[in-house]
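S.K.: Structure provided below as structure tokens; questions to follow.
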Amino acid sequence: MLADLTAGAVADARLREESQSLSEVERLAALRPAARDARAALAPAGRVKIIAEVKRASPSRGDLAEIPDPAHQARRYEQGGASAISVLTEGRRFKGSLADLEAVKASVSLPVLRKDFIATPYQVVEARAAGADLVLLIVAALPQPLLRELYALVQQLGMTALVEAHTAEEVARAVDVGAQVIGVNARDLKTFELDQDLFGRLAGSIPDEVIKVAESAVKVPADVAHYRAAGADVVLVGEALVTGDPVATLGAFLAGAEVDA
């Protein structure tokens, strides 16, 4: 599944590159204001922080919400207390786009994450051109030399990489490239099975100075509290926010985690 998603995302990027060259995208990226400081926004502060996700669909759950106005959704997230916004830009299975990211970027003051299956320099540069402040890099999808190359490019463009791992070996690879924000996804992107305790098992192998992000398997406030108790600085939430009232849900999630404060 992960290989198919990555191959599809790369193929779509190559089509975009045929109409908008890398040099043109680099020019547009250079015109953007400097990226927002995502590490400062997500840094530990005595309470859990939430990255709220704009997500219409997923391969595991199908259609979740239409979200005709992603900018409005993002503003609701900011109102509810999110610390950053994640935007799914993959179009085939998640029904997202770079246009969604651009709309969100223009509507909020929070850092914005491009969440996609990124495996080429072009995708990194177009993320910055669209306004991304953070870029997702999935260790399992990238050989180490390419992970190192893309991580360096993210930094060069002034953005922050959220480097996602699923195993202890992948955490070690993320640390090896110098990742300062490491995510552990409870959903295995090869099988799509969920393991909410995976974060707790891997958190100890992430250096103390690295921001630790727990991803997936969040439905109720107790799930956020579970991740917080296991050492998460940040929790990324998608489905639970697009299928209900985002402001009320964020409030409940943030309040529920305070039991750990």
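In the structure tokens, chains take letters A, B, ... by order of appearance, with residues numbered from 1 within each chain and ligands from 1 in the order shown.
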Name the residues in contact with A:Ile51 at a cut-off of 8 Å, using only C-alpha atoms, excluding same-chain residues fewer than 3 positions from it; report them as a PyMOL selection string.

M.R.: chain A and resi 82-86+234-237

S.K.: Give me a file of those residues, with all heavy atoms, as an mmCIF file, in the first residue's frame.

M.R.:
data_model
loop_
_atom_site.group_PDB
_atom_site.id
_atom_site.type_symbol
_atom_site.label_atom_id
_atom_site.label_comp_id
_atom_site.auth_asym_id
_atom_site.auth_seq_id
_atom_site.Cartn_x
_atom_site.Cartn_y
_atom_site.Cartn_z
ATOM 1 N N ALA A 82 -5.676 24.417 18.006
ATOM 2 C CA ALA A 82 -4.621 23.640 17.359
ATOM 3 C C ALA A 82 -3.331 24.455 17.298
ATOM 4 O O ALA A 82 -3.355 25.685 17.256
ATOM 5 C CB ALA A 82 -5.051 23.243 15.951
ATOM 6 N N SER A 83 -2.200 23.765 17.291
ATOM 7 C CA SER A 83 -0.895 24.432 17.205
ATOM 8 C C SER A 83 -0.336 24.446 15.796
ATOM 9 O O SER A 83 0.594 25.205 15.492
ATOM 10 C CB SER A 83 0.105 23.744 18.139
ATOM 11 O OG SER A 83 -0.281 23.914 19.492
ATOM 12 N N ALA A 84 -0.855 23.593 14.926
ATOM 13 C CA ALA A 84 -0.450 23.547 13.521
ATOM 14 C C ALA A 84 -1.560 22.858 12.746
ATOM 15 O O ALA A 84 -2.410 22.164 13.333
ATOM 16 C CB ALA A 84 0.866 22.810 13.338
ATOM 17 N N ILE A 85 -1.542 23.053 11.424
ATOM 18 C CA ILE A 85 -2.549 22.454 10.553
ATOM 19 C C ILE A 85 -1.858 21.524 9.570
ATOM 20 O O ILE A 85 -0.873 21.904 8.933
ATOM 21 C CB ILE A 85 -3.319 23.525 9.748
ATOM 22 C CG1 ILE A 85 -3.875 24.624 10.659
ATOM 23 C CG2 ILE A 85 -4.434 22.862 8.940
ATOM 24 C CD1 ILE A 85 -4.931 24.195 11.613
ATOM 25 N N SER A 86 -2.355 20.307 9.452
ATOM 26 C CA SER A 86 -1.883 19.359 8.445
ATOM 27 C C SER A 86 -2.888 19.321 7.301
ATOM 28 O O SER A 86 -4.099 19.273 7.537
ATOM 29 C CB SER A 86 -1.742 17.957 9.061
ATOM 30 O OG SER A 86 -1.515 16.986 8.066
ATOM 31 N N VAL A 234 3.218 16.175 20.991
ATOM 32 C CA VAL A 234 2.223 16.601 20.004
ATOM 33 C C VAL A 234 1.433 15.380 19.563
ATOM 34 O O VAL A 234 1.983 14.273 19.453
ATOM 35 C CB VAL A 234 2.913 17.226 18.764
ATOM 36 C CG1 VAL A 234 1.883 17.726 17.751
ATOM 37 C CG2 VAL A 234 3.860 18.348 19.174
ATOM 38 N N VAL A 235 0.147 15.580 19.293
ATOM 39 C CA VAL A 235 -0.688 14.516 18.738
ATOM 40 C C VAL A 235 -1.307 15.031 17.446
ATOM 41 O O VAL A 235 -1.866 16.128 17.416
ATOM 42 C CB VAL A 235 -1.789 14.075 19.729
ATOM 43 C CG1 VAL A 235 -2.676 12.999 19.106
ATOM 44 C CG2 VAL A 235 -1.163 13.563 21.029
ATOM 45 N N LEU A 236 -1.181 14.246 16.387
ATOM 46 C CA LEU A 236 -1.796 14.607 15.107
ATOM 47 C C LEU A 236 -3.151 13.932 15.009
ATOM 48 O O LEU A 236 -3.254 12.714 15.177
ATOM 49 C CB LEU A 236 -0.890 14.190 13.950
ATOM 50 C CG LEU A 236 -1.273 14.718 12.568
ATOM 51 C CD1 LEU A 236 -0.026 14.887 11.691
ATOM 52 C CD2 LEU A 236 -2.267 13.792 11.857
ATOM 53 N N VAL A 237 -4.192 14.731 14.738
ATOM 54 C CA VAL A 237 -5.560 14.215 14.712
ATOM 55 C C VAL A 237 -6.218 14.594 13.394
ATOM 56 O O VAL A 237 -6.158 15.749 12.970
ATOM 57 C CB VAL A 237 -6.398 14.792 15.874
ATOM 58 C CG1 VAL A 237 -7.775 14.137 15.897
ATOM 59 C CG2 VAL A 237 -5.684 14.617 17.208
#

S.K.: Could you produce a table of the residues of stretch 76-146 of chain A lying within 10 Å of stretch 186-204 of chain A, with the nearest pair of atoms per residue and their separation in Å rounded to one decimal, using only C-alpha atoms, ordered by chain and increasing residue number, as JSON lines?

M.R.:
{"residue": "A:Ile138", "atom": "CA", "partner": "A:Leu189", "partner_atom": "CA", "distance": 9.6}
{"residue": "A:Ala140", "atom": "CA", "partner": "A:Leu189", "partner_atom": "CA", "distance": 8.6}
{"residue": "A:Ala141", "atom": "CA", "partner": "A:Leu189", "partner_atom": "CA", "distance": 9.4}

S.K.: Let's have the selection written as a compact mmCIF listing (two decimals), in the first residue's frame, with N, CA and C atoms.

M.R.:
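Full text of selection_21.txt as output:
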# COMPACT_ATOMS: atom_id res chain seq x y z
N ILE A 138 8.35 10.18 5.09
CA ILE A 138 8.05 8.87 5.66
C ILE A 138 9.27 7.97 5.47
N ALA A 140 9.83 4.85 5.91
CA ALA A 140 9.60 3.56 5.26
C ALA A 140 9.51 3.67 3.74
N ALA A 141 9.24 4.86 3.24
CA ALA A 141 9.08 5.05 1.79
C ALA A 141 10.37 5.47 1.10

S.K.: As a ChimeraX atom specification, please: the residues near A:Asp233 (cut-off 6 Å, only C-alpha atoms, same-chain neighbours under 6 positions excluded).

M.R.: /A:44,48,212

S.K.: Which residues of stretch 160-248 of chain A have any atom within 12 Å of an atom in stretch 70-73 of chain A when counting only C-alpha atoms, and what is the closest pair of atoms for each, with the distance in Å to one decimal? Order the rows by chain and rising number and write it as CSV.

M.R.:
residue,atom,partner,partner_atom,distance
A:Gly238,CA,A:Gln73,CA,11.6
A:Leu241,CA,A:Gln73,CA,9.3
A:Val242,CA,A:Gln73,CA,8.2
A:Thr243,CA,A:Gln73,CA,11.3
A:Gly244,CA,A:Gln73,CA,11.3
A:Asp245,CA,A:Gln73,CA,10.0
A:Pro246,CA,A:Gln73,CA,8.0
A:Val247,CA,A:Gln73,CA,9.8

S.K.: Based on the selection just made, write all heavy atoms of those residues as a CSV table (one decimal), in the first residue's frame.

M.R.:
chain,number,residue,atom,x,y,z
A,238,GLY,N,-6.8,13.6,12.8
A,238,GLY,CA,-7.5,13.9,11.5
A,238,GLY,C,-9.0,13.5,11.5
A,238,GLY,O,-9.9,14.4,11.7
A,241,LEU,N,-11.7,15.0,13.8
A,241,LEU,CA,-12.0,16.4,13.7
A,241,LEU,C,-12.8,16.7,12.4
A,241,LEU,O,-13.5,17.7,12.4
A,241,LEU,CB,-10.7,17.2,13.6
A,241,LEU,CG,-9.8,17.2,14.9
A,241,LEU,CD1,-8.5,18.0,14.6
A,241,LEU,CD2,-10.6,17.7,16.1
A,242,VAL,N,-12.7,15.9,11.4
A,242,VAL,CA,-13.5,16.2,10.2
A,242,VAL,C,-14.9,15.6,10.3
A,242,VAL,O,-15.8,16.0,9.4
A,242,VAL,CB,-12.8,15.8,8.9
A,242,VAL,CG1,-11.4,16.4,8.8
A,242,VAL,CG2,-12.6,14.3,8.9
A,243,THR,N,-15.1,14.7,11.2
A,243,THR,CA,-16.4,14.0,11.3
A,243,THR,C,-17.3,14.6,12.4
A,243,THR,O,-18.4,14.1,12.7
A,243,THR,CB,-16.3,12.5,11.5
A,243,THR,OG1,-15.4,12.3,12.6
A,243,THR,CG2,-15.6,11.9,10.3
A,244,GLY,N,-16.8,15.6,13.1
A,244,GLY,CA,-17.6,16.2,14.2
A,244,GLY,C,-17.4,17.7,14.2
A,244,GLY,O,-16.9,18.3,13.3
A,245,ASP,N,-17.8,18.3,15.4
A,245,ASP,CA,-17.5,19.8,15.6
A,245,ASP,C,-16.0,20.0,15.9
A,245,ASP,O,-15.6,19.5,17.0
A,245,ASP,CB,-18.4,20.3,16.7
A,245,ASP,CG,-18.2,21.8,17.0
A,245,ASP,OD1,-17.1,22.3,16.8
A,245,ASP,OD2,-19.2,22.4,17.4
A,246,PRO,N,-15.2,20.6,15.1
A,246,PRO,CA,-13.8,20.6,15.3
A,246,PRO,C,-13.4,21.4,16.5
A,246,PRO,O,-12.5,21.1,17.2
A,246,PRO,CB,-13.2,21.2,14.0
A,246,PRO,CG,-14.4,21.9,13.4
A,246,PRO,CD,-15.6,21.2,13.8
A,247,VAL,N,-14.1,22.5,16.8
A,247,VAL,CA,-13.8,23.4,17.9
A,247,VAL,C,-14.1,22.6,19.2
A,247,VAL,O,-13.2,22.6,20.1
A,247,VAL,CB,-14.6,24.7,17.9
A,247,VAL,CG1,-14.3,25.5,19.1
A,247,VAL,CG2,-14.2,25.5,16.6

S.K.: Find the distance between atom CA of A:Val177 and atom CA of A:Pro207 and write it in Å to one decimal.

M.R.: 12.9 Å

S.K.: Within 12 Å of A:Ala255, counting only C-alpha atoms, which residues qualify if same-chain residues fewer than 2 places away don't, as a ChimeraX atom specification?

M.R.: /A:47-50,80-81,220-222,224-225,228,248-253,257-261

S.K.: Between atom CA of A:Leu254 and atom CA of A:Ser216, what is the distance, to one decimal in Å?

M.R.: 15.9 Å

S.K.: Which residue is closest to A:Tyr227? Choose from A:Val135, A:Ala214, A:Leu98, A:Val25 and count only C-alpha atoms.

M.R.: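 Result for the nearest residue to A:Tyr227: A:Ala214.
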
S.K.: Could you list, as a ChimeraX atom specification, every residue within 7 Å of stretch 113-124 of chain A, counting only C-alpha atoms and ignoring same-chain residues fewer than 3 positions away?

M.R.: /A:5-6,9-10,13,22,85-90,127-128,132-137,142,150,154
